[in-house]
Each structure stands twice: as structure tokens, then as C-alpha cells.
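*Asks:* What follows is the file entry30.txt, containing compact mmCIF, C-alpha atoms:
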# COMPACT_ATOMS: atom_id res chain seq x y z
CA MET E 1 0.00 0.00 0.00
CA GLU E 2 1.05 3.60 -0.63
CA PRO E 3 2.17 5.65 2.37
CA TYR E 4 -0.54 8.02 3.53
CA ASN E 5 0.77 11.35 4.80
CA SER E 6 -2.45 13.42 5.13
CA THR E 7 -2.99 12.78 8.83
CA GLY E 8 -5.83 15.29 8.95
CA THR E 9 -8.19 12.92 7.12
CA LEU E 10 -6.62 9.59 8.17
CA GLU E 11 -8.91 7.21 10.05
CA PHE E 12 -8.26 3.90 11.77
CA ILE E 13 -10.68 0.99 12.10
CA LEU E 14 -10.82 -0.61 15.55
CA LEU E 15 -11.74 -4.25 14.91
CA GLY E 16 -12.75 -4.78 18.54
CA LEU E 17 -13.52 -8.02 20.32
CA SER E 18 -16.27 -9.29 18.02
CA GLU E 19 -18.17 -8.47 14.83
CA ASP E 20 -21.24 -10.51 15.84
CA PRO E 21 -24.17 -8.04 16.36
CA GLU E 22 -25.74 -10.16 19.12
CA LEU E 23 -22.44 -10.49 20.97
CA GLN E 24 -21.79 -6.76 20.56
CA PHE E 25 -24.96 -6.00 22.54
CA ILE E 26 -23.78 -8.30 25.35
CA LEU E 27 -20.33 -6.70 25.29
CA PHE E 28 -21.89 -3.22 25.40
CA ALA E 29 -23.95 -4.11 28.49
CA LEU E 30 -21.00 -5.82 30.19
CA PHE E 31 -18.48 -3.02 29.59
CA LEU E 32 -21.01 -0.35 30.54
CA LEU E 33 -21.55 -2.16 33.85
CA ILE E 34 -17.77 -2.44 34.40
CA TYR E 35 -17.29 1.26 33.67
CA LEU E 36 -20.11 2.34 35.99
CA LEU E 37 -18.75 0.13 38.79
CA THR E 38 -15.25 1.54 38.21
CA VAL E 39 -16.42 5.14 38.42
CA LEU E 40 -18.73 4.48 41.37
CA GLY E 41 -16.10 2.55 43.35
CA ASN E 42 -13.34 5.11 42.83
CA VAL E 43 -15.65 8.08 43.48
CA LEU E 44 -16.70 6.50 46.78
CA ILE E 45 -13.05 6.03 47.77
CA ILE E 46 -12.33 9.67 46.90
CA LEU E 47 -15.38 10.90 48.86
CA ALA E 48 -14.52 8.72 51.85
CA ILE E 49 -10.97 10.05 52.03
CA SER E 50 -12.06 13.66 51.47
CA CYS E 51 -14.84 13.65 54.06
CA ASP E 52 -13.17 11.72 56.90
CA SER E 53 -10.40 13.59 58.73
CA HIS E 54 -9.08 10.28 60.12
CA LEU E 55 -8.08 9.33 56.57
CA HIS E 56 -5.97 12.45 55.99
CA SER E 57 -2.71 10.52 56.15
CA PRO E 58 0.00 9.79 53.52
CA MET E 59 -1.30 6.30 52.73
CA TYR E 60 -4.81 7.54 51.95
CA PHE E 61 -3.50 10.61 50.14
CA PHE E 62 -1.71 8.29 47.70
CA LEU E 63 -4.81 6.06 47.47
CA TYR E 64 -6.89 9.17 46.63
CA ASN E 65 -4.60 9.93 43.68
CA LEU E 66 -4.51 6.27 42.61
CA SER E 67 -8.32 6.32 42.40
CA LEU E 68 -8.18 9.44 40.21
CA ALA E 69 -5.61 7.75 37.95
CA ASP E 70 -7.74 4.58 37.76
CA MET E 71 -10.80 6.55 36.66
CA GLY E 72 -8.74 8.34 34.02
CA PHE E 73 -7.24 5.03 32.86
CA SER E 74 -10.67 3.47 32.30
CA SER E 75 -12.17 6.63 30.80
CA THR E 76 -9.47 6.67 28.14
CA THR E 77 -10.65 3.47 26.45
CA ILE E 78 -14.10 2.33 27.61
CA PRO E 79 -16.32 5.32 26.59
CA LYS E 80 -15.00 5.30 23.01
CA MET E 81 -15.51 1.55 22.79
CA LEU E 82 -19.07 1.88 24.12
CA ILE E 83 -19.83 4.58 21.54
CA ASN E 84 -18.48 2.39 18.74
CA LEU E 85 -20.46 -0.65 19.93
CA HIS E 86 -23.68 1.38 20.23
CA ALA E 87 -23.31 3.20 16.90
CA HIS E 88 -21.91 0.14 15.05
CA ASN E 89 -19.13 2.43 13.87
CA ARG E 90 -15.60 1.20 14.54
CA SER E 91 -13.68 4.17 13.13
CA ILE E 92 -11.43 6.52 15.10
CA THR E 93 -9.74 9.59 13.66
CA TYR E 94 -5.99 10.12 13.72
CA ALA E 95 -6.34 12.99 16.24
CA GLU E 96 -8.58 10.90 18.52
CA CYS E 97 -6.11 8.03 18.30
CA LEU E 98 -3.17 10.23 19.33
CA THR E 99 -5.22 11.67 22.19
CA GLN E 100 -6.14 8.19 23.37
CA VAL E 101 -2.48 7.09 23.21
CA SER E 102 -1.42 10.15 25.22
CA PHE E 103 -3.95 9.71 28.05
CA PHE E 104 -3.65 5.92 28.14
CA ILE E 105 0.12 6.12 28.70
CA LEU E 106 -0.28 9.04 31.13
CA PHE E 107 -2.69 7.29 33.49
CA GLY E 108 -1.16 3.82 33.05
CA CYS E 109 2.30 5.13 33.90
CA MET E 110 0.90 7.10 36.84
CA ASP E 111 -0.71 3.94 38.21
CA SER E 112 2.64 2.15 38.06
CA ILE E 113 4.61 4.93 39.78
CA LEU E 114 1.95 5.57 42.44
CA LEU E 115 1.97 1.88 43.37
CA ALA E 116 5.74 2.17 43.89
CA VAL E 117 5.23 5.33 46.00
CA MET E 118 2.62 3.48 48.09
CA ALA E 119 5.07 0.61 48.61
CA TYR E 120 7.61 3.17 49.86
CA ASP E 121 4.91 4.52 52.19
CA ARG E 122 4.35 1.03 53.68
CA TRP E 123 8.11 0.51 54.04
CA VAL E 124 8.50 3.74 56.02
CA ALA E 125 5.40 3.00 58.13
CA ILE E 126 6.60 -0.50 59.13
CA CYS E 127 10.38 -0.13 59.20
CA HIS E 128 10.59 3.47 60.51
CA PRO E 129 7.29 4.05 62.40
CA LEU E 130 8.70 6.71 64.75
CA HIS E 131 9.88 8.84 61.83
CA TYR E 132 6.84 8.19 59.58
CA GLN E 133 5.21 11.62 59.95
CA VAL E 134 8.56 13.37 59.54
CA ILE E 135 9.71 11.43 56.45
CA LEU E 136 6.32 11.50 54.72
CA ASN E 137 5.26 15.03 55.64
CA PRO E 138 2.50 16.70 53.56
CA CYS E 139 5.02 18.64 51.45
CA ARG E 140 6.95 15.47 50.49
CA CYS E 141 3.72 13.59 49.76
CA ARG E 142 2.61 16.32 47.35
CA TYR E 143 6.08 16.31 45.79
CA LEU E 144 5.92 12.54 45.19
CA VAL E 145 2.50 12.82 43.50
CA VAL E 146 3.59 15.79 41.35
CA MET E 147 6.77 13.92 40.41
CA SER E 148 4.67 10.88 39.43
CA PHE E 149 2.46 13.05 37.25
CA CYS E 150 5.40 14.84 35.58
CA ILE E 151 7.23 11.59 34.75
CA SER E 152 3.99 10.11 33.40
CA LEU E 153 3.30 13.23 31.33
CA ILE E 154 6.78 13.15 29.79
CA ASP E 155 6.38 9.44 29.05
CA SER E 156 2.99 9.96 27.39
CA GLN E 157 4.18 12.89 25.29
CA VAL E 158 7.26 10.98 24.08
CA HIS E 159 5.03 8.06 23.07
CA CYS E 160 2.62 10.47 21.38
CA PHE E 161 5.46 12.15 19.49
CA MET E 162 6.93 8.82 18.35
CA VAL E 163 3.54 7.67 17.04
CA SER E 164 3.00 11.00 15.27
CA GLN E 165 6.27 10.45 13.36
CA LEU E 166 5.07 7.15 11.89
CA THR E 167 3.76 6.97 8.33
CA PHE E 168 0.57 4.96 7.91
CA CYS E 169 -1.29 3.60 4.93
CA THR E 170 -4.94 4.09 4.01
CA ASN E 171 -7.72 2.11 5.71
CA ILE E 172 -5.64 0.95 8.65
CA LYS E 173 -7.35 -1.82 10.62
CA ILE E 174 -6.19 -2.10 14.23
CA PRO E 175 -6.83 -5.58 15.71
CA HIS E 176 -7.75 -4.10 19.09
CA PHE E 177 -10.51 -2.14 20.87
CA PHE E 178 -8.33 0.95 21.40
CA CYS E 179 -5.24 2.60 19.87
CA ASP E 180 -2.56 0.42 21.41
CA VAL E 181 0.96 1.73 20.68
CA PRO E 182 2.56 -1.67 19.83
CA GLU E 183 -0.26 -2.38 17.36
CA LEU E 184 0.18 1.05 15.73
CA VAL E 185 3.94 0.45 15.39
CA LYS E 186 3.29 -2.94 13.75
CA LEU E 187 0.94 -1.34 11.20
CA ALA E 188 3.25 1.56 10.26
CA CYS E 189 4.62 1.73 6.72
CA SER E 190 7.80 3.52 7.85
CA ASN E 191 10.87 2.22 9.66
CA THR E 192 10.10 1.65 13.35
CA THR E 193 13.55 0.77 14.72
CA ILE E 194 13.92 4.04 16.65
CA ASN E 195 10.38 3.69 18.00
CA ASP E 196 11.13 0.16 19.25
CA ILE E 197 14.31 1.31 21.01
CA VAL E 198 12.62 4.34 22.64
CA MET E 199 9.62 2.26 23.74
CA PHE E 200 11.92 -0.35 25.26
CA LEU E 201 13.86 2.28 27.22
CA LEU E 202 10.66 3.95 28.42
CA SER E 203 9.22 0.60 29.53
CA ILE E 204 12.33 0.08 31.68
CA ILE E 205 11.98 3.53 33.27
CA THR E 206 8.23 3.48 33.87
CA GLY E 207 7.68 -0.25 34.34
CA PHE E 208 10.77 -2.09 35.51
CA LEU E 209 12.10 0.61 37.88
CA PRO E 210 8.79 1.05 39.82
CA ALA E 211 8.41 -2.75 39.99
CA SER E 212 11.97 -3.01 41.33
CA GLY E 213 11.18 -0.32 43.92
CA ILE E 214 8.10 -2.27 45.03
CA PHE E 215 10.10 -5.51 45.25
CA TYR E 216 12.84 -3.81 47.31
CA SER E 217 10.28 -2.18 49.63
CA TYR E 218 8.59 -5.50 50.34
CA TYR E 219 11.95 -7.20 50.82
CA LYS E 220 12.71 -4.66 53.57
CA ILE E 221 9.17 -4.99 54.99
CA THR E 222 9.39 -8.80 55.10
CA SER E 223 12.82 -8.66 56.78
CA SER E 224 11.43 -6.27 59.39
CA ILE E 225 8.29 -8.36 60.01
CA PHE E 226 10.32 -11.54 60.57
CA ARG E 227 12.16 -9.77 63.39
CA VAL E 228 8.88 -9.17 65.25
CA PRO E 229 8.76 -11.78 68.07
CA SER E 230 4.97 -12.32 68.38
CA LEU E 231 2.79 -13.92 65.73
CA LEU E 232 0.06 -11.33 66.35
CA GLY E 233 2.54 -8.52 65.80
CA LYS E 234 3.63 -10.07 62.50
CA TYR E 235 0.00 -10.38 61.39
CA LYS E 236 -0.81 -6.77 62.29
CA ALA E 237 2.26 -5.47 60.47
CA PHE E 238 1.60 -7.48 57.33
CA SER E 239 -2.16 -6.79 57.32
CA THR E 240 -1.47 -3.10 56.64
CA CYS E 241 0.14 -4.16 53.33
CA GLY E 242 -2.48 -6.70 52.26
CA SER E 243 -4.61 -4.39 50.11
CA HIS E 244 -1.64 -2.76 48.40
CA LEU E 245 0.03 -6.11 47.72
CA SER E 246 -3.20 -7.46 46.19
CA VAL E 247 -3.49 -4.45 43.88
CA VAL E 248 0.20 -4.71 42.89
CA CYS E 249 -0.16 -8.41 42.01
CA LEU E 250 -3.32 -7.68 40.01
CA PHE E 251 -1.81 -4.71 38.15
CA TYR E 252 1.56 -6.20 37.27
CA GLY E 253 0.15 -9.72 36.81
CA THR E 254 -2.29 -8.58 34.14
CA GLY E 255 0.34 -6.23 32.66
CA ILE E 256 2.77 -9.14 32.23
CA GLY E 257 -0.10 -11.17 30.79
CA VAL E 258 -0.72 -8.50 28.14
CA TYR E 259 2.99 -8.42 27.24
CA LEU E 260 3.31 -12.22 27.03
CA SER E 261 0.10 -12.65 25.04
CA SER E 262 1.25 -10.07 22.47
CA THR E 263 4.76 -11.53 22.08
CA VAL E 264 4.23 -15.29 22.48
CA SER E 265 0.79 -15.72 20.89
CA SER E 266 0.03 -14.79 17.30
CA SER E 267 -3.69 -14.49 18.07
CA SER E 268 -4.86 -10.91 18.52
CA LYS E 269 -7.97 -12.15 20.38
CA GLU E 270 -5.89 -13.54 23.24
CA SER E 271 -4.02 -10.23 23.50
CA MET E 272 -7.30 -8.29 23.57
CA VAL E 273 -8.76 -10.48 26.33
CA ALA E 274 -5.61 -9.88 28.41
CA SER E 275 -5.94 -6.14 27.69
CA VAL E 276 -9.55 -6.19 28.93
CA MET E 277 -8.29 -7.51 32.27
CA TYR E 278 -5.55 -4.88 32.41
CA THR E 279 -7.49 -1.81 31.26
CA MET E 280 -10.97 -2.53 32.68
CA VAL E 281 -11.05 -5.18 35.39
CA VAL E 282 -8.03 -3.94 37.39
CA PRO E 283 -9.30 -0.32 37.81
CA MET E 284 -12.72 -1.73 38.75
CA MET E 285 -11.28 -4.13 41.35
CA ASN E 286 -8.91 -1.68 43.09
CA PRO E 287 -11.54 0.26 45.10
CA PHE E 288 -13.30 -2.96 46.12
CA ILE E 289 -10.02 -4.51 47.29
CA TYR E 290 -9.23 -1.45 49.42
CA SER E 291 -12.76 -1.04 50.79
CA LEU E 292 -13.27 -4.72 51.65
CA ARG E 293 -9.87 -5.17 53.32
CA ASN E 294 -9.67 -1.81 55.10
CA ARG E 295 -11.73 -1.06 58.21
CA ASP E 296 -11.08 2.70 58.09
CA ILE E 297 -12.39 2.94 54.51
CA LYS E 298 -15.45 0.85 55.41
CA LYS E 299 -16.20 3.10 58.40
CA ALA E 300 -15.85 6.24 56.28
CA LEU E 301 -18.11 4.80 53.56
CA TRP E 302 -20.70 3.83 56.17
CA LYS E 303 -20.69 7.40 57.51
CA ILE E 304 -21.36 8.70 53.97
CA VAL E 305 -24.25 6.23 53.56
CA CYS E 306 -25.72 7.30 56.93
CA LYS E 307 -25.53 10.99 55.97
CA ILE E 308 -27.30 10.33 52.64
CA THR E 309 -30.07 8.26 54.24
Would you kindly transcribe this structure into C-alpha cells?

*Replies:*
Amino acid sequence: MEPYNSTGTLEFILLGLSEDPELQFILFALFLLIYLLTVLGNVLIILAISCDSHLHSPMYFFLYNLSLADMGFSSTTIPKMLINLHAHNRSITYAECLTQVSFFILFGCMDSILLAVMAYDRWVAICHPLHYQVILNPCRCRYLVVMSFCISLIDSQVHCFMVSQLTFCTNIKIPHFFCDVPELVKLACSNTTINDIVMFLLSIITGFLPASGIFYSYYKITSSIFRVPSLLGKYKAFSTCGSHLSVVCLFYGTGIGVYLSSTVSSSSKESMVASVMYTMVVPMMNPFIYSLRNRDIKKALWKIVCKIT
């Protein structure tokens, strides 16, 4: 095919999960439910933390921002997919695609870095409890969140710029339900060597380094817990990390699943199913994991319910 340089009129076709009209209706209802639960769950977490003064601590400040990032992460892909399923129109313009790439990377990267920051918070709380309020003072907490946002913004803009430099052909069909960067690189007519190198380096910075920070934090936490003499003390110390550890395993587990399915399997369907777990199910599950395993959040949510009723 001839290279297509007029990006102003270029459109992509998102093939989605299925072309069956009956199945599309089921998918629309399912993903609408997932999106509503995601928004509702994260909004409740945000309200609970905002309204209860007992939750104005570093751990909940980071959870507040994680909930915002999760809502943004889901809102980047699901609404467009719902519109396409409802209108039976699978097209997305070049500008919309770049915008989706930018916000998807922004919020996905922010999730990854915030989870590392929250692991650091748990490390300080368990290993240095007497200095917790001094080390994680309000100013430093705000700095960590701003730093997370700035790194994520730079990452997203670099990805966006690299995609904008690619040359595409007419009638590009993307075997996915959103503009996934690896799929766009595969479909480009131009040389993508530089893109592959830059993407690999960025994945190390925004993926491997936060994961390494989380691993190191939990190594220190585990070492500290094993030095606690009583079994009850060990349980209490580790229970404060249970929710965060569950979210980390879910986030990175599904993320690794997406990567492996796209590299090992030649089937785009398997990759899309893994992406559904990563982009939709994980943001939906996070608030439920924190609310079900955390007494303080449950108390704050109950207070909100009592005020409404």
C-alpha cells in the first residue's frame, strides 16, 4: 500500500472483540456495567478520604490519587468503545487516536509509579514508624505525587510524538478495541527501529524501575516483620500491606499477561482479552479490594451512607 501522509483525514478501524451483532450488545452491556462500577467505586473512595479527617494521612492521600488515575485510565478506552459498539461504527480519527495514546500512557504510567510510592509509604510505616510523619510530611507527599504526574506526562508525550512520526497507509485496521501503541507500530509503513528502542527504554523507566522499587520495599518490609517476636505482631504489620500487595499483584500480573500474550501468541484475540483484564477489570477491582480489606475505609463509607439516608 502507498504511504498516507495526510494525517488530517486519516482514520483507523478498531476491529474490537467481536463483529457478531448479538455479541456486541452483550459486550456493550458488560463493559457499561464495568465502567459504571469503576467510576462508582473510585468516586466512593475519593469521597470517603475527602470527608473523613481520620483518613488524611499519607497512605490515603496516595490512594486518593490512585483512584483518580484509575478513573482516568478506564475513561481513556471504555467510553470510546461503548460509543463504537452502540453506533456500530468502529472508526477513530488520527487525532482521537493520538489523544487516546497520550492519556492511556499518562494514566497507566501514573498507576505504576503511584503503586511504587505506596510501597515506599508502607516501608517507612513499618520499618521506621517513629519517623513516619517526619519522612512523609505533607510537602513530600505532594512532591511525590507531582513527580509521578510529571514523569507520566513526559512518558505519554514521548510516546505520542513517536507515534506521530510514523507513516501509515490508508484504511488501517487495528486488531484491538483501542489505539494500542505496539499495534500502531506494527501497522506503520515507515521504519520503526527508533520507536522500538525508545519504547523499550521507556518501559524500563516506567515499568521495571517502579516494579523493582516495590520488590525492594517488600523485601525490607518482610525482613522487618520476621524480626517481630509475636505472631500477632507479625500479622498486624503485614495486614497493613495486604490491600496494596493485592493491587500490585493484580496490576503487574495482568500487565505481564498483556505483554506475554502479544509476544508469544500470534492471536490478537488472546491479546485483547488480556488487555480487557488490564485496562478494565483492574481499575474496577482496586476500590473494592481497598474497601473490603480496610476497616477505616469501610467506616468512612458507612458514615457517607448514613448521611445520605

*Asks:* Sorted by chain and rising residue number, list the residues of stretch 154-261 of chain E at most 12 Å from stretch 97-110 of chain E (counting all atoms listed in the file), each with its closest atom pair and distance in Å to one decimal, as JSON lines.

*Replies:*
{"residue": "E:Ile154", "atom": "CA", "partner": "E:Leu106", "partner_atom": "CA", "distance": 8.3}
{"residue": "E:Asp155", "atom": "CA", "partner": "E:Leu106", "partner_atom": "CA", "distance": 7.0}
{"residue": "E:Ser156", "atom": "CA", "partner": "E:Ser102", "partner_atom": "CA", "distance": 4.9}
{"residue": "E:Gln157", "atom": "CA", "partner": "E:Ser102", "partner_atom": "CA", "distance": 6.2}
{"residue": "E:Val158", "atom": "CA", "partner": "E:Ser102", "partner_atom": "CA", "distance": 8.8}
{"residue": "E:His159", "atom": "CA", "partner": "E:Ser102", "partner_atom": "CA", "distance": 7.1}
{"residue": "E:Cys160", "atom": "CA", "partner": "E:Ser102", "partner_atom": "CA", "distance": 5.6}
{"residue": "E:Phe161", "atom": "CA", "partner": "E:Leu98", "partner_atom": "CA", "distance": 8.8}
{"residue": "E:Met162", "atom": "CA", "partner": "E:Leu98", "partner_atom": "CA", "distance": 10.2}
{"residue": "E:Val163", "atom": "CA", "partner": "E:Leu98", "partner_atom": "CA", "distance": 7.5}
{"residue": "E:Ser164", "atom": "CA", "partner": "E:Leu98", "partner_atom": "CA", "distance": 7.4}
{"residue": "E:Gln165", "atom": "CA", "partner": "E:Leu98", "partner_atom": "CA", "distance": 11.2}
{"residue": "E:Leu166", "atom": "CA", "partner": "E:Leu98", "partner_atom": "CA", "distance": 11.5}
{"residue": "E:Ile172", "atom": "CA", "partner": "E:Cys97", "partner_atom": "CA", "distance": 12.0}
{"residue": "E:Ile174", "atom": "CA", "partner": "E:Cys97", "partner_atom": "CA", "distance": 10.9}
{"residue": "E:Phe177", "atom": "CA", "partner": "E:Cys97", "partner_atom": "CA", "distance": 11.4}
{"residue": "E:Phe178", "atom": "CA", "partner": "E:Gln100", "partner_atom": "CA", "distance": 7.8}
{"residue": "E:Cys179", "atom": "CA", "partner": "E:Cys97", "partner_atom": "CA", "distance": 5.7}
{"residue": "E:Asp180", "atom": "CA", "partner": "E:Val101", "partner_atom": "CA", "distance": 6.9}
{"residue": "E:Val181", "atom": "CA", "partner": "E:Val101", "partner_atom": "CA", "distance": 6.9}
{"residue": "E:Pro182", "atom": "CA", "partner": "E:Val101", "partner_atom": "CA", "distance": 10.7}
{"residue": "E:Glu183", "atom": "CA", "partner": "E:Val101", "partner_atom": "CA", "distance": 11.4}
{"residue": "E:Leu184", "atom": "CA", "partner": "E:Cys97", "partner_atom": "CA", "distance": 9.7}
{"residue": "E:Met199", "atom": "CA", "partner": "E:Ile105", "partner_atom": "CA", "distance": 11.4}
{"residue": "E:Leu202", "atom": "CA", "partner": "E:Cys109", "partner_atom": "CA", "distance": 10.1}
{"residue": "E:Ser203", "atom": "CA", "partner": "E:Cys109", "partner_atom": "CA", "distance": 9.4}
{"residue": "E:Ile204", "atom": "CA", "partner": "E:Cys109", "partner_atom": "CA", "distance": 11.4}
{"residue": "E:Ile205", "atom": "CA", "partner": "E:Cys109", "partner_atom": "CA", "distance": 9.8}
{"residue": "E:Thr206", "atom": "CA", "partner": "E:Cys109", "partner_atom": "CA", "distance": 6.2}
{"residue": "E:Gly207", "atom": "CA", "partner": "E:Cys109", "partner_atom": "CA", "distance": 7.6}
{"residue": "E:Phe208", "atom": "CA", "partner": "E:Cys109", "partner_atom": "CA", "distance": 11.2}
{"residue": "E:Leu209", "atom": "CA", "partner": "E:Cys109", "partner_atom": "CA", "distance": 11.5}
{"residue": "E:Pro210", "atom": "CA", "partner": "E:Cys109", "partner_atom": "CA", "distance": 9.7}
{"residue": "E:Ala211", "atom": "CA", "partner": "E:Cys109", "partner_atom": "CA", "distance": 11.7}
{"residue": "E:Phe251", "atom": "CA", "partner": "E:Gly108", "partner_atom": "CA", "distance": 10.0}
{"residue": "E:Tyr252", "atom": "CA", "partner": "E:Gly108", "partner_atom": "CA", "distance": 11.2}
{"residue": "E:Gly255", "atom": "CA", "partner": "E:Gly108", "partner_atom": "CA", "distance": 10.2}

*Asks:* Residues within 12 Å of (10.9, -4.9, 45.6), file coordinates, counting only C-alpha atoms: what are they? Give the list as a count of residues only.

*Replies:* 25

*Asks:* What's the 7 Å shell around E:Pro287, counting all atoms listed in the file, without same-chain residues fewer than 2 positions away, as a ChimeraX atom specification?

*Replies:* /E:41-42,45,284-285,289-291

*Asks:* Using all atoms listed in the file, can you tell me which of E:Leu36, E:Ile92, E:Ile197, E:Ser224 comes closest to E:His128?

*Replies:*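 Of all the options, E:Ser224 lies closest to E:His128.
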
*Asks:* Using only C-alpha atoms, find the one residue out of E:Leu292, E:Met118, E:Phe31, E:Ala237 that sits nearest to E:Ser75.

*Replies:*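 So, comparing all the options, the nearest one is E:Phe31.
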
*Asks:* Name the closest residue to E:Thr38 among the candidates E:Asp52, E:Glu11, E:Asp70, E:Asp296; distances are taken between atoms, counting all atoms listed in the file.

*Replies:*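 Checking each candidate against E:Thr38, we get E:Asp70 as the closest.
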
*Asks:* Could you give me, as a list in words, the residues that sit within 9 Å of (-9.8, 7.9, 38.6) in the file's coordinates, counting all atoms listed in the file?

*Replies:*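 Those within range, by chain then number, are Thr38, Val39, Asn42, Val43, Ile46, Tyr64, Asn65, Leu66, Ser67, Leu68, Ala69, Asp70, Met71, Gly72, Phe73, Ser74, Ser75, Phe107 and Pro283 of chain E.
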
*Asks:* Could you save the residues just selected, with C-alpha atoms, as a JSON list (two decimals), in the coordinates of the input?

*Replies:*
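To be explicit, this is the file written out as again-v6.json:
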[["chain", "number", "residue", "atom", "x", "y", "z"],
["E", 38, "THR", "CA", -15.25, 1.54, 38.21],
["E", 39, "VAL", "CA", -16.42, 5.14, 38.42],
["E", 42, "ASN", "CA", -13.34, 5.11, 42.83],
["E", 43, "VAL", "CA", -15.65, 8.08, 43.48],
["E", 46, "ILE", "CA", -12.33, 9.67, 46.90],
["E", 64, "TYR", "CA", -6.89, 9.17, 46.63],
["E", 65, "ASN", "CA", -4.60, 9.93, 43.68],
["E", 66, "LEU", "CA", -4.51, 6.27, 42.61],
["E", 67, "SER", "CA", -8.32, 6.32, 42.40],
["E", 68, "LEU", "CA", -8.18, 9.44, 40.21],
["E", 69, "ALA", "CA", -5.61, 7.75, 37.95],
["E", 70, "ASP", "CA", -7.74, 4.58, 37.76],
["E", 71, "MET", "CA", -10.80, 6.55, 36.66],
["E", 72, "GLY", "CA", -8.74, 8.34, 34.02],
["E", 73, "PHE", "CA", -7.24, 5.03, 32.86],
["E", 74, "SER", "CA", -10.67, 3.47, 32.30],
["E", 75, "SER", "CA", -12.17, 6.63, 30.80],
["E", 107, "PHE", "CA", -2.69, 7.29, 33.49],
["E", 283, "PRO", "CA", -9.30, -0.32, 37.81]]

*Asks:* Which centre and edge lengths in Å to one decimal define the box along x, y and z that fits every listed atom of stretch 94-111 of chain E plus 8 Å per side, as JSON?

*Replies:*
{"center_x": -3.1, "center_y": 8.4, "center_z": 26.0, "size_x": 26.9, "size_y": 25.2, "size_z": 40.5}

*Asks:* Counting all atoms listed in the file, which of E:Gly253, E:Thr240, E:Pro79, E:Ser91 gets nearest to E:Leu32?

*Replies:*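 Under the stated criterion, the closest residue is E:Pro79.
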
*Asks:* Name the closest residue to E:Arg90 among the candidates E:Gly233, E:Pro58, E:Gly242, E:Gly16; distances are taken between atoms, counting all atoms listed in the file.

*Replies:* E:Gly16

*Asks:* Do you have the atom CA of E:Lys173-atom CA of E:Ile13 distance handy?

*Replies:* 4.6 Å

*Asks:* Would you fill the gaps in stretch 287-293 of chain E so it has all heavy atoms, then print it as a PDB file, keeping the file's coordinate frame?

*Replies:*
ATOM      1  N   PRO E 287     -10.785  -0.307  43.970  1.00  0.00           N
ATOM      2  CA  PRO E 287     -11.540   0.260  45.100  1.00  0.00           C
ATOM      3  C   PRO E 287     -12.216  -0.800  45.959  1.00  0.00           C
ATOM      4  O   PRO E 287     -12.328  -0.626  47.176  1.00  0.00           O
ATOM      5  CB  PRO E 287     -12.577   1.167  44.421  1.00  0.00           C
ATOM      6  CG  PRO E 287     -12.660   0.711  43.015  1.00  0.00           C
ATOM      7  CD  PRO E 287     -11.307   0.182  42.676  1.00  0.00           C
ATOM      8  N   PHE E 288     -12.643  -1.898  45.344  1.00  0.00           N
ATOM      9  CA  PHE E 288     -13.300  -2.960  46.120  1.00  0.00           C
ATOM     10  C   PHE E 288     -12.283  -3.686  47.001  1.00  0.00           C
ATOM     11  O   PHE E 288     -12.594  -4.057  48.137  1.00  0.00           O
ATOM     12  CB  PHE E 288     -14.000  -3.941  45.183  1.00  0.00           C
ATOM     13  CG  PHE E 288     -15.174  -3.348  44.468  1.00  0.00           C
ATOM     14  CD1 PHE E 288     -15.070  -2.929  43.149  1.00  0.00           C
ATOM     15  CD2 PHE E 288     -16.387  -3.176  45.119  1.00  0.00           C
ATOM     16  CE1 PHE E 288     -16.148  -2.362  42.494  1.00  0.00           C
ATOM     17  CE2 PHE E 288     -17.474  -2.609  44.471  1.00  0.00           C
ATOM     18  CZ  PHE E 288     -17.357  -2.194  43.158  1.00  0.00           C
ATOM     19  N   ILE E 289     -11.075  -3.880  46.494  1.00  0.00           N
ATOM     20  CA  ILE E 289     -10.020  -4.510  47.290  1.00  0.00           C
ATOM     21  C   ILE E 289      -9.705  -3.652  48.521  1.00  0.00           C
ATOM     22  O   ILE E 289      -9.622  -4.151  49.642  1.00  0.00           O
ATOM     23  CB  ILE E 289      -8.741  -4.728  46.451  1.00  0.00           C
ATOM     24  CG1 ILE E 289      -8.983  -5.814  45.400  1.00  0.00           C
ATOM     25  CG2 ILE E 289      -7.559  -5.124  47.343  1.00  0.00           C
ATOM     26  CD1 ILE E 289      -7.864  -5.952  44.383  1.00  0.00           C
ATOM     27  N   TYR E 290      -9.569  -2.343  48.310  1.00  0.00           N
ATOM     28  CA  TYR E 290      -9.230  -1.450  49.420  1.00  0.00           C
ATOM     29  C   TYR E 290     -10.390  -1.294  50.399  1.00  0.00           C
ATOM     30  O   TYR E 290     -10.173  -1.204  51.615  1.00  0.00           O
ATOM     31  CB  TYR E 290      -8.797  -0.080  48.896  1.00  0.00           C
ATOM     32  CG  TYR E 290      -7.325  -0.016  48.587  1.00  0.00           C
ATOM     33  CD1 TYR E 290      -6.873  -0.100  47.276  1.00  0.00           C
ATOM     34  CD2 TYR E 290      -6.381   0.108  49.593  1.00  0.00           C
ATOM     35  CE1 TYR E 290      -5.516  -0.057  46.978  1.00  0.00           C
ATOM     36  CE2 TYR E 290      -5.029   0.157  49.317  1.00  0.00           C
ATOM     37  CZ  TYR E 290      -4.600   0.072  48.005  1.00  0.00           C
ATOM     38  OH  TYR E 290      -3.262   0.106  47.725  1.00  0.00           O
ATOM     39  N   SER E 291     -11.616  -1.248  49.896  1.00  0.00           N
ATOM     40  CA  SER E 291     -12.760  -1.040  50.790  1.00  0.00           C
ATOM     41  C   SER E 291     -13.099  -2.303  51.579  1.00  0.00           C
ATOM     42  O   SER E 291     -13.502  -2.231  52.749  1.00  0.00           O
ATOM     43  CB  SER E 291     -13.986  -0.571  49.994  1.00  0.00           C
ATOM     44  OG  SER E 291     -14.343  -1.535  49.015  1.00  0.00           O
ATOM     45  N   LEU E 292     -12.930  -3.479  50.973  1.00  0.00           N
ATOM     46  CA  LEU E 292     -13.270  -4.720  51.650  1.00  0.00           C
ATOM     47  C   LEU E 292     -12.218  -5.124  52.684  1.00  0.00           C
ATOM     48  O   LEU E 292     -12.533  -5.770  53.683  1.00  0.00           O
ATOM     49  CB  LEU E 292     -13.455  -5.858  50.637  1.00  0.00           C
ATOM     50  CG  LEU E 292     -14.690  -5.754  49.723  1.00  0.00           C
ATOM     51  CD1 LEU E 292     -14.664  -6.844  48.665  1.00  0.00           C
ATOM     52  CD2 LEU E 292     -15.978  -5.843  50.539  1.00  0.00           C
ATOM     53  N   ARG E 293     -10.964  -4.748  52.439  1.00  0.00           N
ATOM     54  CA  ARG E 293      -9.870  -5.170  53.320  1.00  0.00           C
ATOM     55  C   ARG E 293      -9.456  -4.087  54.323  1.00  0.00           C
ATOM     56  O   ARG E 293      -8.558  -4.310  55.127  1.00  0.00           O
ATOM     57  CB  ARG E 293      -8.660  -5.590  52.491  1.00  0.00           C
ATOM     58  CG  ARG E 293      -8.876  -6.815  51.626  1.00  0.00           C
ATOM     59  CD  ARG E 293      -7.614  -7.145  50.838  1.00  0.00           C
ATOM     60  NE  ARG E 293      -6.511  -7.453  51.730  1.00  0.00           N
ATOM     61  CZ  ARG E 293      -6.199  -8.670  52.141  1.00  0.00           C
ATOM     62  NH1 ARG E 293      -6.919  -9.706  51.746  1.00  0.00           N
ATOM     63  NH2 ARG E 293      -5.168  -8.880  52.944  1.00  0.00           N
TER      64      ARG E 293
END
